[in-house]
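Peer 1: Dropping in start.cif, with mmCIF, C-alpha atoms.
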data_my_file
#
loop_
_atom_site.label_atom_id
_atom_site.label_comp_id
_atom_site.auth_asym_id
_atom_site.auth_seq_id
_atom_site.Cartn_x
_atom_site.Cartn_y
_atom_site.Cartn_z
CA MET R 1 11.52 -12.37 -25.63
CA TYR R 2 11.47 -11.18 -22.01
CA LYS R 3 7.67 -10.64 -22.07
CA LEU R 4 7.10 -14.10 -23.50
CA LEU R 5 9.38 -15.61 -20.84
CA SER R 6 7.52 -13.73 -18.09
CA VAL R 7 4.13 -14.98 -19.30
CA SER R 8 5.36 -18.58 -19.49
CA ILE R 9 6.87 -18.41 -16.00
CA ALA R 10 3.65 -16.88 -14.67
CA MET R 11 1.55 -19.71 -16.09
CA LEU R 12 3.94 -22.43 -14.91
CA ALA R 13 4.14 -20.96 -11.41
CA GLY R 14 0.37 -20.69 -11.17
CA LEU R 15 -0.25 -24.24 -12.34
CA LEU R 16 2.40 -25.71 -10.02
CA MET R 17 0.93 -23.81 -7.08
CA THR R 18 -2.44 -25.49 -7.65
CA ARG R 19 -0.92 -28.82 -6.49
CA PRO R 20 -0.35 -27.83 -2.84
CA ALA R 21 -3.52 -25.71 -2.99
CA LYS R 22 -5.52 -28.78 -3.96
CA LYS R 23 -4.25 -30.66 -0.90
CA LEU R 24 -5.27 -27.70 1.26
CA ARG R 25 -8.63 -27.59 -0.54
CA LEU R 26 -8.07 -24.03 -1.73
CA PRO R 27 -9.56 -22.73 -5.00
CA SER R 28 -7.25 -22.44 -7.99
CA VAL R 29 -7.79 -18.66 -8.01
CA THR R 30 -6.10 -18.38 -4.61
CA ALA R 31 -3.22 -20.56 -5.85
CA TYR R 32 -2.70 -18.33 -8.88
CA LEU R 33 -2.70 -15.18 -6.73
CA VAL R 34 -0.23 -16.64 -4.23
CA ALA R 35 2.03 -17.71 -7.11
CA GLY R 36 1.91 -14.16 -8.43
CA VAL R 37 2.91 -12.77 -5.03
CA LEU R 38 5.83 -15.24 -4.79
CA ILE R 39 7.28 -14.43 -8.23
CA GLY R 40 6.45 -10.74 -7.89
CA PRO R 41 8.52 -7.71 -6.85
CA TYR R 42 8.08 -8.27 -3.10
CA CYS R 43 9.32 -11.88 -2.94
CA LEU R 44 11.40 -13.22 -5.82
CA GLY R 45 12.05 -9.66 -6.97
CA ARG R 46 13.87 -8.94 -3.67
CA LEU R 47 16.51 -11.53 -4.58
CA GLY R 48 17.57 -9.43 -7.55
CA ILE R 49 17.36 -12.30 -10.03
CA SER R 50 16.77 -10.88 -13.51
CA GLY R 51 14.93 -12.80 -16.19
CA ILE R 52 12.80 -14.81 -13.75
CA GLY R 53 9.42 -13.62 -12.56
CA PHE R 54 8.70 -9.92 -12.08
CA PRO R 55 11.63 -8.11 -10.40
CA SER R 56 9.77 -4.77 -10.34
CA MET R 57 6.32 -3.27 -10.83
CA ALA R 58 7.53 -1.90 -14.17
CA ASP R 59 8.00 -5.48 -15.35
CA VAL R 60 4.45 -6.31 -14.29
CA ASP R 61 3.08 -3.23 -16.04
CA GLN R 62 4.69 -4.33 -19.30
CA LEU R 63 2.08 -7.11 -19.46
CA SER R 64 -0.89 -4.79 -18.82
CA LEU R 65 -2.46 -5.78 -22.16
CA LEU R 66 -2.94 -9.38 -21.00
CA PRO R 67 -5.18 -8.50 -18.00
CA ASP R 68 -7.25 -6.19 -20.22
CA VAL R 69 -7.83 -9.02 -22.70
CA ALA R 70 -8.63 -11.51 -19.93
CA LEU R 71 -11.17 -9.15 -18.34
CA GLY R 72 -12.88 -8.82 -21.71
CA PHE R 73 -13.35 -12.59 -21.96
CA ILE R 74 -14.40 -12.83 -18.31
CA ALA R 75 -17.09 -10.22 -18.86
CA PHE R 76 -18.15 -11.93 -22.09
CA SER R 77 -18.55 -15.22 -20.21
CA ILE R 78 -20.61 -13.61 -17.46
CA GLY R 79 -22.80 -11.91 -20.04
CA SER R 80 -23.53 -15.25 -21.66
CA GLU R 81 -25.26 -16.29 -18.42
CA PHE R 82 -28.00 -13.68 -19.00
CA ARG R 83 -30.34 -15.86 -20.99
CA LEU R 84 -33.91 -14.56 -21.18
CA THR R 85 -35.33 -17.81 -19.85
CA GLN R 86 -33.24 -17.39 -16.71
CA LEU R 87 -33.75 -13.63 -16.38
CA ARG R 88 -37.51 -14.12 -16.27
CA LYS R 89 -36.99 -16.07 -13.07
CA THR R 90 -34.24 -14.09 -11.33
CA GLY R 91 -34.03 -10.75 -13.16
CA ARG R 92 -36.11 -8.71 -10.71
CA GLN R 93 -34.45 -10.30 -7.68
CA ALA R 94 -30.95 -9.71 -9.07
CA PHE R 95 -31.76 -6.06 -9.88
CA VAL R 96 -33.04 -5.24 -6.39
CA ILE R 97 -30.38 -7.18 -4.48
CA GLY R 98 -27.58 -5.84 -6.70
CA ILE R 99 -28.50 -2.23 -5.93
CA VAL R 100 -29.24 -2.69 -2.22
CA GLN R 101 -26.07 -4.64 -1.35
CA GLY R 102 -23.85 -2.14 -3.20
CA VAL R 103 -25.43 0.94 -1.60
CA THR R 104 -25.43 -0.70 1.85
CA ALA R 105 -21.72 -1.49 1.62
CA ALA R 106 -20.97 2.11 0.62
CA ALA R 107 -23.09 3.48 3.48
CA CYS R 108 -21.44 1.23 6.10
CA VAL R 109 -17.92 2.19 5.01
CA ASP R 110 -18.89 5.88 4.82
CA LEU R 111 -20.25 5.91 8.38
CA ALA R 112 -17.25 4.10 9.86
CA LEU R 113 -14.61 6.17 8.05
CA LEU R 114 -16.41 9.47 8.70
CA ALA R 115 -16.37 8.55 12.39
CA ILE R 116 -12.59 8.01 12.19
CA ALA R 117 -12.18 11.35 10.40
CA LYS R 118 -14.16 13.03 13.19
CA LEU R 119 -12.55 11.28 16.17
CA ILE R 120 -8.93 11.26 14.88
CA PRO R 121 -8.35 14.56 13.00
CA GLY R 122 -5.55 14.53 10.46
CA VAL R 123 -5.69 10.78 9.80
CA LEU R 124 -8.47 10.80 7.22
CA SER R 125 -10.42 13.58 5.50
CA VAL R 126 -14.11 13.61 4.63
CA PRO R 127 -13.42 13.50 0.83
CA GLN R 128 -11.21 10.45 1.34
CA ALA R 129 -13.84 8.74 3.49
CA ILE R 130 -16.70 9.10 1.02
CA THR R 131 -14.49 8.12 -1.91
CA LEU R 132 -13.47 4.90 -0.16
CA GLY R 133 -17.14 4.26 0.61
CA ALA R 134 -17.92 4.45 -3.10
CA ILE R 135 -15.06 2.08 -3.98
CA ALA R 136 -16.55 -0.42 -1.50
CA THR R 137 -19.48 -1.06 -3.88
CA ALA R 138 -17.24 -2.78 -6.46
CA THR R 139 -17.05 -6.58 -6.65
CA ALA R 140 -14.57 -8.67 -8.64
CA PRO R 141 -16.49 -10.76 -11.19
CA ALA R 142 -13.37 -12.66 -12.28
CA ALA R 143 -12.69 -14.45 -9.00
CA THR R 144 -16.35 -15.37 -8.54
CA LEU R 145 -16.68 -16.75 -12.07
CA MET R 146 -13.49 -18.81 -11.75
CA VAL R 147 -14.67 -20.47 -8.52
CA VAL R 148 -18.06 -21.27 -10.08
CA ARG R 149 -16.37 -22.82 -13.11
CA GLN R 150 -13.68 -24.74 -11.28
CA TYR R 151 -16.19 -26.55 -9.08
CA LYS R 152 -18.97 -26.64 -11.71
CA ALA R 153 -21.33 -25.01 -9.22
CA LYS R 154 -25.00 -25.07 -10.22
CA GLY R 155 -28.20 -24.07 -8.48
CA PRO R 156 -30.44 -21.15 -7.47
CA LEU R 157 -27.62 -19.29 -5.69
CA VAL R 158 -25.34 -19.34 -8.75
CA ASP R 159 -28.24 -18.35 -11.02
CA LEU R 160 -28.77 -15.27 -8.85
CA LEU R 161 -25.11 -14.55 -8.13
CA LEU R 162 -23.82 -14.07 -11.68
CA PRO R 163 -26.39 -11.41 -12.71
CA ILE R 164 -25.76 -9.55 -9.44
CA VAL R 165 -22.00 -9.54 -10.02
CA ALA R 166 -22.59 -8.16 -13.51
CA LEU R 167 -25.02 -5.49 -12.27
CA ASP R 168 -22.58 -4.52 -9.53
CA ASP R 169 -20.33 -2.82 -12.07
CA ALA R 170 -23.08 -0.42 -13.13
CA VAL R 171 -24.09 0.28 -9.52
CA GLY R 172 -20.46 0.95 -8.62
CA LEU R 173 -20.00 3.40 -11.50
CA VAL R 174 -23.00 5.49 -10.44
CA VAL R 175 -22.20 5.50 -6.72
CA PHE R 176 -18.53 6.29 -7.33
CA ALA R 177 -19.30 9.11 -9.77
CA VAL R 178 -21.66 10.81 -7.31
CA SER R 179 -19.41 10.31 -4.25
CA PHE R 180 -16.18 11.27 -6.01
CA GLY R 181 -17.85 14.30 -7.57
CA ALA R 182 -18.89 15.44 -4.08
CA ALA R 183 -15.38 14.74 -2.73
CA ARG R 184 -13.73 16.76 -5.47
CA ALA R 185 -16.24 19.58 -4.95
CA MET R 186 -15.27 19.73 -1.26
CA ASN R 187 -11.64 20.26 -2.28
CA THR R 188 -12.30 22.81 -5.03
CA GLY R 189 -15.47 24.45 -3.67
CA ALA R 190 -17.34 24.00 -6.99
CA PHE R 191 -19.98 21.35 -7.71
CA ASP R 192 -19.94 19.96 -11.25
CA MET R 193 -23.41 18.55 -11.93
CA LEU R 194 -22.30 17.24 -15.33
CA SER R 195 -19.59 14.93 -13.97
CA ILE R 196 -21.58 13.92 -10.88
CA PHE R 197 -24.88 12.89 -12.48
CA VAL R 198 -24.73 13.03 -16.29
CA GLN R 199 -21.31 11.46 -16.96
CA PRO R 200 -21.93 8.09 -15.22
CA LEU R 201 -25.34 7.67 -16.87
CA VAL R 202 -23.87 8.41 -20.30
CA GLU R 203 -21.09 5.89 -19.69
CA ILE R 204 -23.53 3.15 -18.69
CA VAL R 205 -25.97 3.79 -21.55
CA CYS R 206 -23.21 4.05 -24.17
CA SER R 207 -21.52 0.88 -22.86
CA LEU R 208 -24.75 -1.11 -23.08
CA LEU R 209 -25.50 0.25 -26.58
CA LEU R 210 -22.02 -0.53 -27.89
CA GLY R 211 -22.12 -4.05 -26.44
CA ALA R 212 -25.61 -4.69 -27.89
CA VAL R 213 -24.62 -3.50 -31.37
CA MET R 214 -21.46 -5.59 -31.37
CA GLY R 215 -23.40 -8.62 -30.13
CA TRP R 216 -25.89 -8.25 -32.99
CA PHE R 217 -23.06 -7.97 -35.54
CA LEU R 218 -21.32 -11.03 -34.10
CA THR R 219 -24.50 -13.07 -34.40
CA LYS R 220 -24.94 -12.08 -38.04
CA ILE R 221 -21.32 -12.75 -38.96
CA GLU R 222 -21.41 -16.19 -37.32
CA THR R 223 -23.99 -17.27 -39.93
CA LEU R 224 -21.35 -16.90 -42.66
CA PHE R 225 -19.40 -19.89 -41.32
CA ASN R 226 -20.32 -23.56 -41.13
CA SER R 227 -17.26 -24.74 -39.22
CA ASN R 228 -17.37 -24.52 -35.41
CA THR R 229 -13.64 -23.82 -35.45
CA ASN R 230 -14.13 -20.77 -37.65
CA ARG R 231 -17.06 -19.63 -35.49
CA LEU R 232 -14.85 -19.89 -32.40
CA ASN R 233 -12.06 -17.94 -34.11
CA MET R 234 -14.55 -15.25 -35.11
CA THR R 235 -15.91 -15.04 -31.56
CA ILE R 236 -12.43 -14.62 -30.09
CA ALA R 237 -11.55 -11.95 -32.64
CA PHE R 238 -14.80 -10.11 -31.95
CA VAL R 239 -14.26 -10.06 -28.18
CA LEU R 240 -10.78 -8.62 -28.75
CA PHE R 241 -12.17 -6.05 -31.18
CA THR R 242 -14.95 -5.04 -28.78
CA SER R 243 -12.51 -4.75 -25.87
CA ALA R 244 -10.39 -2.39 -27.97
CA LEU R 245 -13.40 -0.24 -28.91
CA SER R 246 -14.47 0.01 -25.26
CA MET R 247 -11.22 1.83 -24.46
CA LEU R 248 -12.12 4.77 -26.70
CA ARG R 249 -12.85 8.17 -25.18
CA ILE R 250 -14.77 10.73 -27.24
CA SER R 251 -14.92 14.40 -26.20
CA LEU R 252 -18.14 16.26 -26.98
CA GLY R 253 -17.57 19.70 -25.58
CA ALA R 254 -17.77 19.53 -21.78
CA LEU R 255 -19.00 15.92 -21.95
CA THR R 256 -16.68 12.95 -22.43
CA VAL R 257 -18.20 9.80 -23.85
CA SER R 258 -16.37 6.83 -22.36
CA PHE R 259 -17.17 3.16 -21.93
CA SER R 260 -16.85 0.52 -19.24
CA PRO R 261 -15.01 -2.47 -20.81
CA LEU R 262 -16.73 -4.84 -18.39
CA LEU R 263 -20.23 -3.60 -19.22
CA VAL R 264 -19.53 -3.55 -22.95
CA CYS R 265 -18.26 -7.14 -23.07
CA MET R 266 -21.01 -8.34 -20.73
CA MET R 267 -23.63 -6.89 -23.05
CA LEU R 268 -21.83 -8.44 -26.03
CA GLY R 269 -22.13 -11.86 -24.40
CA THR R 270 -25.75 -11.29 -23.37
CA VAL R 271 -26.97 -10.35 -26.86
CA PHE R 272 -24.90 -13.07 -28.52
CA CYS R 273 -26.16 -15.88 -26.27
CA ASN R 274 -29.79 -14.82 -26.75
CA LEU R 275 -29.67 -14.36 -30.54
CA CYS R 276 -27.27 -17.06 -31.72
CA PRO R 277 -28.71 -20.62 -31.59
CA LEU R 278 -25.19 -22.11 -31.49
CA SER R 279 -23.94 -19.84 -28.71
CA GLU R 280 -23.93 -22.49 -26.00
CA GLU R 281 -21.66 -24.83 -27.97
CA ILE R 282 -19.35 -21.97 -28.97
CA MET R 283 -19.14 -20.73 -25.36
CA GLN R 284 -18.08 -24.19 -24.18
CA LYS R 285 -15.24 -24.21 -26.71
CA SER R 286 -14.32 -20.63 -25.80
CA ASP R 287 -14.13 -21.52 -22.10
CA ARG R 288 -11.53 -24.20 -22.82
CA TRP R 289 -9.50 -21.78 -24.94
CA THR R 290 -9.49 -19.03 -22.30
CA SER R 291 -8.53 -21.24 -19.33
CA PRO R 292 -4.75 -20.61 -19.61
CA LEU R 293 -5.44 -16.92 -20.28
CA PHE R 294 -7.35 -16.64 -17.00
CA ALA R 295 -4.56 -18.47 -15.14
CA ALA R 296 -1.98 -15.96 -16.40
CA PHE R 297 -4.36 -13.11 -15.55
CA PHE R 298 -4.64 -14.08 -11.90
CA VAL R 299 -0.91 -14.71 -11.50
CA ILE R 300 -0.18 -11.25 -12.90
CA SER R 301 -2.88 -9.82 -10.61
CA GLY R 302 -1.10 -11.46 -7.66
CA ALA R 303 2.20 -9.90 -8.74
CA GLN R 304 0.49 -6.50 -8.79
CA LEU R 305 -0.51 -6.76 -5.11
CA GLU R 306 1.75 -4.34 -3.27
CA LEU R 307 2.86 -5.82 0.05
CA GLY R 308 4.51 -2.50 0.89
CA VAL R 309 1.17 -1.16 2.15
CA PHE R 310 1.72 -3.17 5.37
CA ARG R 311 4.50 -0.76 6.35
CA SER R 312 2.06 2.01 7.26
CA GLY R 313 0.14 1.60 10.52
CA VAL R 314 -2.47 4.13 9.38
CA VAL R 315 -3.15 2.20 6.17
CA VAL R 316 -3.47 -1.07 8.08
CA LEU R 317 -5.83 0.45 10.67
CA ILE R 318 -8.12 2.12 8.14
CA GLY R 319 -7.84 -0.92 5.85
CA VAL R 320 -9.07 -3.26 8.59
CA VAL R 321 -12.03 -0.95 9.30
CA TYR R 322 -12.76 -0.75 5.57
CA ILE R 323 -12.68 -4.55 5.16
CA LEU R 324 -14.88 -5.24 8.18
CA THR R 325 -17.51 -2.61 7.40
CA ARG R 326 -17.62 -3.41 3.68
CA SER R 327 -18.02 -7.11 4.46
CA LEU R 328 -20.87 -6.39 6.89
CA GLY R 329 -22.54 -4.09 4.36
CA LYS R 330 -22.32 -6.66 1.57
CA TYR R 331 -23.52 -9.51 3.76
CA PHE R 332 -26.45 -7.80 5.49
CA GLY R 333 -27.40 -5.77 2.40
CA ALA R 334 -27.69 -8.98 0.40
CA ARG R 335 -29.40 -10.86 3.24
CA VAL R 336 -32.07 -8.24 3.94
CA SER R 337 -32.85 -7.56 0.28
CA ALA R 338 -32.94 -11.30 -0.48
CA ALA R 339 -35.46 -11.73 2.34
CA ARG R 340 -37.57 -8.90 0.89
CA MET R 341 -37.46 -10.63 -2.50
CA ARG R 342 -38.60 -13.91 -0.86
CA CYS R 343 -35.46 -15.85 -1.66
CA SER R 344 -34.82 -19.10 0.17
CA GLU R 345 -33.06 -19.13 3.53
CA THR R 346 -30.07 -20.84 1.92
CA ILE R 347 -29.61 -17.94 -0.50
CA ARG R 348 -30.08 -15.36 2.28
CA ARG R 349 -27.32 -16.91 4.40
CA ASN R 350 -24.74 -17.38 1.66
CA LEU R 351 -25.24 -14.78 -1.06
CA GLY R 352 -23.49 -11.88 0.69
CA ILE R 353 -20.35 -13.94 1.31
CA THR R 354 -19.94 -14.65 -2.41
CA LEU R 355 -19.90 -10.89 -3.12
CA LEU R 356 -16.78 -10.10 -1.07
CA PRO R 357 -13.95 -10.47 -3.68
CA GLN R 358 -12.69 -7.12 -4.97
CA ALA R 359 -10.08 -6.25 -7.58
CA GLY R 360 -10.03 -4.73 -11.09
CA VAL R 361 -12.96 -2.27 -10.95
CA ALA R 362 -11.78 -0.94 -7.58
CA LEU R 363 -8.28 -0.38 -9.00
CA GLY R 364 -9.80 1.59 -11.88
CA MET R 365 -11.61 3.79 -9.36
CA CYS R 366 -8.30 4.35 -7.55
CA VAL R 367 -6.78 5.77 -10.71
CA THR R 368 -9.60 8.33 -10.90
CA ALA R 369 -9.30 9.07 -7.18
CA ARG R 370 -5.72 10.24 -7.67
CA GLN R 371 -7.21 13.44 -9.09
CA LEU R 372 -7.61 14.47 -5.45
CA GLY R 373 -3.84 14.94 -5.29
CA PRO R 374 -1.89 13.66 -2.26
CA GLU R 375 -5.16 12.48 -0.69
CA GLY R 376 -5.59 10.08 -3.58
CA ASP R 377 -2.39 8.21 -2.64
CA LEU R 378 -3.83 7.21 0.75
CA ILE R 379 -7.04 6.04 -0.94
CA ARG R 380 -5.00 3.91 -3.33
CA ASN R 381 -2.94 2.30 -0.56
CA ILE R 382 -5.99 1.47 1.56
CA THR R 383 -7.75 -0.04 -1.46
CA LEU R 384 -4.64 -2.08 -2.33
CA PHE R 385 -4.51 -3.39 1.24
CA ALA R 386 -8.17 -4.45 1.05
CA ILE R 387 -7.75 -6.03 -2.39
CA LEU R 388 -4.78 -8.05 -1.13
CA ILE R 389 -6.88 -9.53 1.68
CA TYR R 390 -10.07 -9.95 -0.34
CA GLU R 391 -8.41 -11.61 -3.31
CA LEU R 392 -6.59 -14.16 -1.17
CA VAL R 393 -9.49 -14.94 1.18
CA GLY R 394 -12.54 -14.11 -0.99
CA PRO R 395 -12.37 -17.10 -3.38
CA LEU R 396 -12.09 -19.53 -0.46
CA LEU R 397 -15.11 -17.95 1.26
CA THR R 398 -17.04 -18.09 -2.01
CA LYS R 399 -16.26 -21.79 -2.35
CA GLN R 400 -17.39 -22.49 1.22
CA ALA R 401 -20.61 -20.53 0.74
CA LEU R 402 -21.43 -22.46 -2.43
CA MET R 403 -20.70 -25.74 -0.65
CA ARG R 404 -22.99 -24.81 2.24
CA ALA R 405 -25.68 -23.99 -0.30
CA GLY R 406 -25.24 -27.47 -1.78
CA GLU R 407 -24.29 -26.09 -5.22
CA ILE R 408 -20.81 -27.62 -5.29
CA GLN R 409 -21.29 -31.34 -5.45
CA PRO R 410 -18.53 -33.67 -4.20
CA MET R 411 -16.93 -35.88 -6.83
CA PRO R 412 -19.00 -39.08 -7.20
CA GLU R 413 -17.35 -42.23 -5.83
CA GLU R 414 -17.66 -43.83 -9.26
CA VAL R 415 -15.56 -41.08 -10.82
CA LYS R 416 -13.01 -41.28 -7.99
CA ASN R 417 -12.70 -45.04 -8.39
CA ARG R 418 -12.37 -44.72 -12.17
CA ARG R 419 -9.57 -42.17 -11.81
CA LYS R 420 -7.86 -44.27 -9.14
CA THR R 421 -8.03 -47.39 -11.33
CA LYS R 422 -6.64 -45.50 -14.31
CA LEU R 423 -3.78 -44.10 -12.20
CA GLU R 424 -2.96 -47.53 -10.77
CA HIS R 425 -3.00 -49.07 -14.26
CA SER R 426 -0.66 -46.35 -15.52
CA GLU R 427 1.75 -46.94 -12.62
CA HIS R 428 1.61 -50.71 -13.22
CA MET R 429 2.45 -50.27 -16.91
CA GLN R 430 5.38 -47.99 -16.04
CA LYS R 431 6.75 -50.64 -13.67
CA GLU R 432 6.33 -53.35 -16.35
CA HIS R 433 8.24 -51.25 -18.89
CA ALA R 434 10.99 -50.52 -16.36
CA SER R 435 11.29 -54.23 -15.49
CA ALA R 436 11.46 -55.21 -19.17
CA ASP R 437 14.20 -52.64 -19.74
CA ARG R 438 16.23 -54.04 -16.85
CA ARG R 439 15.88 -57.63 -18.15
CA HIS R 440 16.95 -56.51 -21.61
CA ALA R 441 20.00 -54.76 -20.18
CA GLN R 442 21.09 -57.92 -18.33
CA VAL R 443 21.10 -60.17 -21.47
CA PRO R 444 24.66 -60.24 -22.96
CA GLU R 445 24.93 -59.20 -26.54
CA ALA R 446 25.81 -61.94 -29.04
CA HIS R 447 29.20 -61.57 -30.77
CA PRO R 448 29.82 -62.45 -34.42
CA GLY R 449 30.63 -66.13 -34.84
CA GLU R 450 28.98 -67.20 -31.59
CA ALA R 451 26.24 -69.80 -31.65
CA ASP R 452 22.80 -68.73 -30.67
#
Any chance you could give the structure as structure tokens?
Peer 2:
Amino acid sequence: MYKLLSVSIAMLAGLLMTRPAKKLRLPSVTAYLVAGVLIGPYCLGRLGISGIGFPSMADVDQLSLLPDVALGFIAFSIGSEFRLTQLRKTGRQAFVIGIVQGVTAAACVDLALLAIAKLIPGVLSVPQAITLGAIATATAPAATLMVVRQYKAKGPLVDLLLPIVALDDAVGLVVFAVSFGAARAMNTGAFDMLSIFVQPLVEIVCSLLLGAVMGWFLTKIETLFNSNTNRLNMTIAFVLFTSALSMLRISLGALTVSFSPLLVCMMLGTVFCNLCPLSEEIMQKSDRWTSPLFAAFFVISGAQLELGVFRSGVVVLIGVVYILTRSLGKYFGARVSAARMRCSETIRRNLGITLLPQAGVALGMCVTARQLGPEGDLIRNITLFAILIYELVGPLLTKQALMRAGEIQPMPEEVKNRRKTKLEHSEHMQKEHASADRRHAQVPEAHPGEAD
């Protein structure tokens, strides 16, 4: 009962927060995140009110299954954007830009944090610096996708952005595996070539294979049904099933075969949308079904943001340096590589800004980084600080970049007038009903025996 109550409160709080956010012209993603912070452990939780919101992080963690499910559907939706007709136009550009912007962000953060480690001994170690540099490659696909959907953004920038966001996960896995392997080797004095080079490649290849196989099976099973409702139900069940399979870990001697849930579900969506002729219609129905799921996901994500990281001056200092250098790396890495790929000036100016949001993948890297021992705790706190800023500011910057690129169109005056007329008619009818009720209440009731 308590979990169900928490989910319902999360959704209600997120939806209510979109009202003031709309007046401030903020994306719904930001509203959901702010709502999560307000009903989370650091705001409402401080009042000690049980049964409302999330009094502690343990209460948030009880709903960990919901974010996992939501990320599966988010990845599935992004994968459905990889249609072959579109990839022929932007595939090469997305591949080059996706790699360059990720590596550039890692290099910028590495240089800045290594300088801090050199100039201020004892504040930051070299293993911590290069691990944080690797985490800087990760981008949050969920926030980007939600902004694109909310404002129905369309155009060359969006066509290039979504494949890059999807590719960013694979780039981040490779860069993090190499950097973290080197960081761990510095602490232990032994280099493990298997975990540094082989493990990330195996994870990427196995994730893509699993997603492709499941996408092929989904396409074949869809042909057994004639009803779109049944096809939708089958699609939802298959995404859940694939998400569960992607959490498996198989040990083969010294090698562990694991999967990236994001890559697996992205590949599932890619294969499905290219093989199934009815995929576009099914995806439209699926998007409507998953809307409340995504709202709950972002509210819970907001509740997970730990405001306690602001207490440490060291975390704030390094966090600010991390945010600034990562942002510069993403922006200029995307701008320079887009210029090399002969993209338009509009794309060059705005693409890097849309790649700033950071969340789930970075948190997963933090969990692995805790293998460094006490040094891993500082990495986690700095990453949490950056995620807090990026998640609250990133969606707004993405919206502004898409507007500058002309890919978010203002609501046509005809639609505005139609909605205004409908609202005025509704208010008029309410007043008429209220007036009729008052007149009826003023008429005295007839008693038995009285003449009409």
Peer 1: Out of R:Pro41, R:Gly133, R:Pro292, R:Gly79, which residue has the shortest atom-to-atom distance to R:Leu15 when counting all atoms listed in the file?
Peer 2: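 Among the listed residues, R:Pro292 lies closest to R:Leu15.
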Peer 1: Do you know which residues the PyMOL selection byres ((chain R and resi 358-372) around 6) returns on this file, as a VMD selection string?
Peer 2: chain R and resid 135 138 to 140 357 373 375 to 376 380 387
Peer 1: Using the chain letters and residue numbers of this document, give as a ChimeraX atom specification the residues selected by the PyMOL selection byres ((chain R and resi 94-108) around 6).
Peer 2: /R:90-93,109-111,133-134,136-137,160,164,168,325-326,329-330,333-334,337
Peer 1: I'd like the contact shell of R:Gly14 - 12 Å cut-off, only C-alpha atoms, skipping same-chain residues fewer than 2 positions apart - returned as a ChimeraX atom specification.
Peer 2: /R:7-12,16-21,27-39,53,292-303
Peer 1: Find the residues of stretch 151-227 of chain R that sit at most 9 Å from stretch 254-266 of chain R; for each, write down the nearest two atoms and how far apart they are in Å, to one decimal. Count all atoms listed in the file. Sort by chain, then by number going up, and give it as JSON lines.
Peer 2:
{"residue": "R:Ala166", "atom": "CA", "partner": "R:Met266", "partner_atom": "CA", "distance": 7.4}
{"residue": "R:Leu167", "atom": "CA", "partner": "R:Leu263", "partner_atom": "CA", "distance": 8.6}
{"residue": "R:Asp169", "atom": "CA", "partner": "R:Leu263", "partner_atom": "CA", "distance": 7.2}
{"residue": "R:Ala170", "atom": "CA", "partner": "R:Leu263", "partner_atom": "CA", "distance": 7.4}
{"residue": "R:Leu173", "atom": "CA", "partner": "R:Ser260", "partner_atom": "CA", "distance": 8.8}
{"residue": "R:Leu194", "atom": "CA", "partner": "R:Leu255", "partner_atom": "CA", "distance": 7.5}
{"residue": "R:Ser195", "atom": "CA", "partner": "R:Leu255", "partner_atom": "CA", "distance": 8.1}
{"residue": "R:Val198", "atom": "CA", "partner": "R:Leu255", "partner_atom": "CA", "distance": 8.6}
{"residue": "R:Gln199", "atom": "CA", "partner": "R:Leu255", "partner_atom": "CA", "distance": 7.1}
{"residue": "R:Val202", "atom": "CA", "partner": "R:Val257", "partner_atom": "CA", "distance": 6.8}
{"residue": "R:Glu203", "atom": "CA", "partner": "R:Phe259", "partner_atom": "CA", "distance": 5.3}
{"residue": "R:Ile204", "atom": "CA", "partner": "R:Phe259", "partner_atom": "CA", "distance": 7.1}
{"residue": "R:Val205", "atom": "CA", "partner": "R:Phe259", "partner_atom": "CA", "distance": 8.8}
{"residue": "R:Cys206", "atom": "CA", "partner": "R:Phe259", "partner_atom": "CA", "distance": 6.5}
{"residue": "R:Ser207", "atom": "CA", "partner": "R:Val264", "partner_atom": "CA", "distance": 4.9}
{"residue": "R:Leu208", "atom": "CA", "partner": "R:Val264", "partner_atom": "CA", "distance": 5.8}
{"residue": "R:Leu209", "atom": "CA", "partner": "R:Val264", "partner_atom": "CA", "distance": 8.0}
{"residue": "R:Leu210", "atom": "CA", "partner": "R:Val264", "partner_atom": "CA", "distance": 6.3}
{"residue": "R:Gly211", "atom": "CA", "partner": "R:Val264", "partner_atom": "CA", "distance": 4.4}
{"residue": "R:Ala212", "atom": "CA", "partner": "R:Val264", "partner_atom": "CA", "distance": 7.9}
{"residue": "R:Met214", "atom": "CA", "partner": "R:Val264", "partner_atom": "CA", "distance": 8.9}
{"residue": "R:Gly215", "atom": "CA", "partner": "R:Cys265", "partner_atom": "CA", "distance": 8.9}
Peer 1: Check what the PyMOL selection byres ((chain R and resi 276-287) around 12) selects in the file above and give those residues as a PyMOL selection string.
Peer 2: chain R and resi 70+73-74+76-83+145-146+149-150+215-223+225-237+239+268-275+288-294
